[in-house]
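Comments concern the structure below.
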Amino acid sequence: MDLTELAVLIRTERKRAGLSMQSLAELAGVDRTTLSRLENQRLPELGYAKLERILAVLGLEFAVRPAGALPTLNDLKRDRGQGDV
């Protein structure tokens, strides 16, 4: 997943959570213009700490796995909101 795909996910999850861009920015400790540029795919790069805080506010987290690996059963269940096996 690249930054463009993350930006779409962040916008979708922010709206699902009923948060304004300003609210998410404040909760995550980032500037609203930075979040706006991210969501509108006009931000070439964003530091890990900022991205991690934004995701945490939205109840999301990074997961590392080998490139090209298929998701595990736990990954699929978590993505569907069913918790771990």
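Here's how to read the names in the structure tokens: chain A, B, ... by the order shown, residue numbers from 1 in each chain, ligand numbers from 1 in the order shown.
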**OP:** Within segment 9-71 of chain A, find each residue whose DSSP state, derived from the backbone, is alpha helix (DSSP H), and express the selection as number ranges by chain.
**Re:** A: 9-16, 21-28, 32-39, 48-57
Would you put the residues from that selection into a file with N, CA and C atoms, as a compact mmCIF listing (two decimals), in the first residue's frame?
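Saved as again22.txt:
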# COMPACT_ATOMS: atom_id res chain seq x y z
N LEU A 9 -7.87 5.60 2.20
CA LEU A 9 -8.33 4.87 3.38
C LEU A 9 -8.56 5.83 4.55
N ILE A 10 -7.64 6.75 4.76
CA ILE A 10 -7.77 7.71 5.86
C ILE A 10 -9.01 8.57 5.69
N ARG A 11 -9.24 9.08 4.49
CA ARG A 11 -10.43 9.91 4.24
C ARG A 11 -11.70 9.10 4.49
N THR A 12 -11.74 7.87 3.98
CA THR A 12 -12.92 7.00 4.16
C THR A 12 -13.19 6.74 5.63
N GLU A 13 -12.14 6.38 6.37
CA GLU A 13 -12.30 6.07 7.79
C GLU A 13 -12.62 7.31 8.61
N ARG A 14 -12.06 8.46 8.25
CA ARG A 14 -12.38 9.70 8.95
C ARG A 14 -13.87 10.02 8.81
N LYS A 15 -14.37 9.91 7.60
CA LYS A 15 -15.79 10.19 7.36
C LYS A 15 -16.67 9.16 8.07
N ARG A 16 -16.26 7.90 8.03
CA ARG A 16 -17.02 6.84 8.72
C ARG A 16 -17.10 7.12 10.21
N MET A 21 -12.04 17.09 9.25
CA MET A 21 -10.61 17.10 9.03
C MET A 21 -9.90 17.82 10.19
N GLN A 22 -10.49 18.91 10.65
CA GLN A 22 -9.92 19.67 11.76
C GLN A 22 -9.87 18.83 13.03
N SER A 23 -10.94 18.10 13.32
CA SER A 23 -10.98 17.26 14.52
C SER A 23 -9.92 16.17 14.47
N LEU A 24 -9.81 15.48 13.34
CA LEU A 24 -8.81 14.43 13.22
C LEU A 24 -7.41 15.01 13.36
N ALA A 25 -7.18 16.14 12.73
CA ALA A 25 -5.86 16.78 12.81
C ALA A 25 -5.51 17.11 14.26
N GLU A 26 -6.45 17.67 14.99
CA GLU A 26 -6.20 18.02 16.39
C GLU A 26 -5.95 16.77 17.24
N LEU A 27 -6.78 15.75 17.06
CA LEU A 27 -6.61 14.52 17.84
C LEU A 27 -5.29 13.82 17.55
N ALA A 28 -4.83 13.92 16.30
CA ALA A 28 -3.59 13.25 15.89
C ALA A 28 -2.36 14.14 16.09
N ARG A 32 -3.86 20.78 10.14
CA ARG A 32 -4.99 20.49 9.26
C ARG A 32 -4.61 20.58 7.80
N THR A 33 -3.73 21.51 7.44
CA THR A 33 -3.33 21.62 6.04
C THR A 33 -2.53 20.39 5.60
N THR A 34 -1.77 19.81 6.50
CA THR A 34 -1.04 18.57 6.19
C THR A 34 -2.03 17.45 5.91
N LEU A 35 -3.04 17.33 6.76
CA LEU A 35 -4.06 16.29 6.57
C LEU A 35 -4.82 16.53 5.27
N SER A 36 -5.15 17.77 4.99
CA SER A 36 -5.86 18.10 3.76
C SER A 36 -5.02 17.73 2.53
N ARG A 37 -3.75 18.09 2.56
CA ARG A 37 -2.88 17.74 1.44
C ARG A 37 -2.74 16.23 1.29
N LEU A 38 -2.69 15.51 2.42
CA LEU A 38 -2.63 14.05 2.37
C LEU A 38 -3.88 13.49 1.71
N GLU A 39 -5.04 13.88 2.23
CA GLU A 39 -6.30 13.33 1.72
C GLU A 39 -6.54 13.69 0.25
N TYR A 48 6.61 8.81 9.47
CA TYR A 48 5.99 7.64 10.09
C TYR A 48 5.21 8.01 11.35
N ALA A 49 5.80 8.84 12.22
CA ALA A 49 5.15 9.17 13.49
C ALA A 49 3.82 9.86 13.27
N LYS A 50 3.77 10.79 12.32
CA LYS A 50 2.51 11.49 12.03
C LYS A 50 1.47 10.51 11.47
N LEU A 51 1.90 9.70 10.55
CA LEU A 51 0.98 8.73 9.95
C LEU A 51 0.47 7.75 10.99
N GLU A 52 1.35 7.31 11.86
CA GLU A 52 0.95 6.38 12.91
C GLU A 52 -0.09 7.01 13.84
N ARG A 53 0.08 8.30 14.18
CA ARG A 53 -0.88 8.98 15.05
C ARG A 53 -2.24 9.13 14.36
N ILE A 54 -2.23 9.47 13.09
CA ILE A 54 -3.48 9.60 12.34
C ILE A 54 -4.21 8.26 12.32
N LEU A 55 -3.50 7.20 11.99
CA LEU A 55 -4.11 5.87 11.95
C LEU A 55 -4.64 5.45 13.32
N ALA A 56 -3.88 5.75 14.38
CA ALA A 56 -4.30 5.36 15.73
C ALA A 56 -5.62 6.03 16.11
N VAL A 57 -5.79 7.29 15.78
CA VAL A 57 -7.04 7.99 16.09
C VAL A 57 -8.20 7.30 15.38
**OP:** Might you pull out every residue within 12 Å of segment 77-82 of chain A, with only C-alpha atoms counted and same-chain residues fewer than 5 positions away left off, and present them as an MDAnalysis selection string?
**Re:** chainID A and resid 59:61 63 71:72
Give me a file of those residues, with N, CA and C atoms, as a PDB file, in the first residue's frame.
ATOM      1  N   GLY A  59      -8.374   4.171  14.758  1.00  0.00           N
ATOM      2  CA  GLY A  59      -8.465   2.765  15.171  1.00  0.00           C
ATOM      3  C   GLY A  59      -7.758   1.821  14.217  1.00  0.00           C
ATOM      4  N   LEU A  60      -6.782   2.343  13.484  1.00  0.00           N
ATOM      5  CA  LEU A  60      -6.030   1.537  12.525  1.00  0.00           C
ATOM      6  C   LEU A  60      -4.581   1.440  12.969  1.00  0.00           C
ATOM      7  N   GLU A  61      -3.862   0.471  12.425  1.00  0.00           N
ATOM      8  CA  GLU A  61      -2.443   0.317  12.735  1.00  0.00           C
ATOM      9  C   GLU A  61      -1.717  -0.258  11.527  1.00  0.00           C
ATOM     10  N   ALA A  63       0.715  -2.935   9.725  1.00  0.00           N
ATOM     11  CA  ALA A  63       1.047  -4.347   9.859  1.00  0.00           C
ATOM     12  C   ALA A  63       2.103  -4.660   8.798  1.00  0.00           C
ATOM     13  N   PRO A  71      -3.026 -12.590   2.738  1.00  0.00           N
ATOM     14  CA  PRO A  71      -3.437 -12.315   4.122  1.00  0.00           C
ATOM     15  C   PRO A  71      -3.744 -13.616   4.861  1.00  0.00           C
ATOM     16  N   THR A  72      -3.521 -13.588   6.156  1.00  0.00           N
ATOM     17  CA  THR A  72      -3.841 -14.745   6.986  1.00  0.00           C
ATOM     18  C   THR A  72      -5.333 -14.739   7.288  1.00  0.00           C
TER      19      THR A  72
END
**OP:** Would you mind reading off the distance between atom CA of Thr4 of chain A and atom CA of Arg42 of chain A, one decimal, in Å?
**Re:** 9.1 Å
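Remark: for Asp2 of chain A, the closest of the candidate residues A:Leu46, A:Leu76, A:Ala17, A:Asp31 is A:Leu46 (distances computed over only C-alpha atoms).
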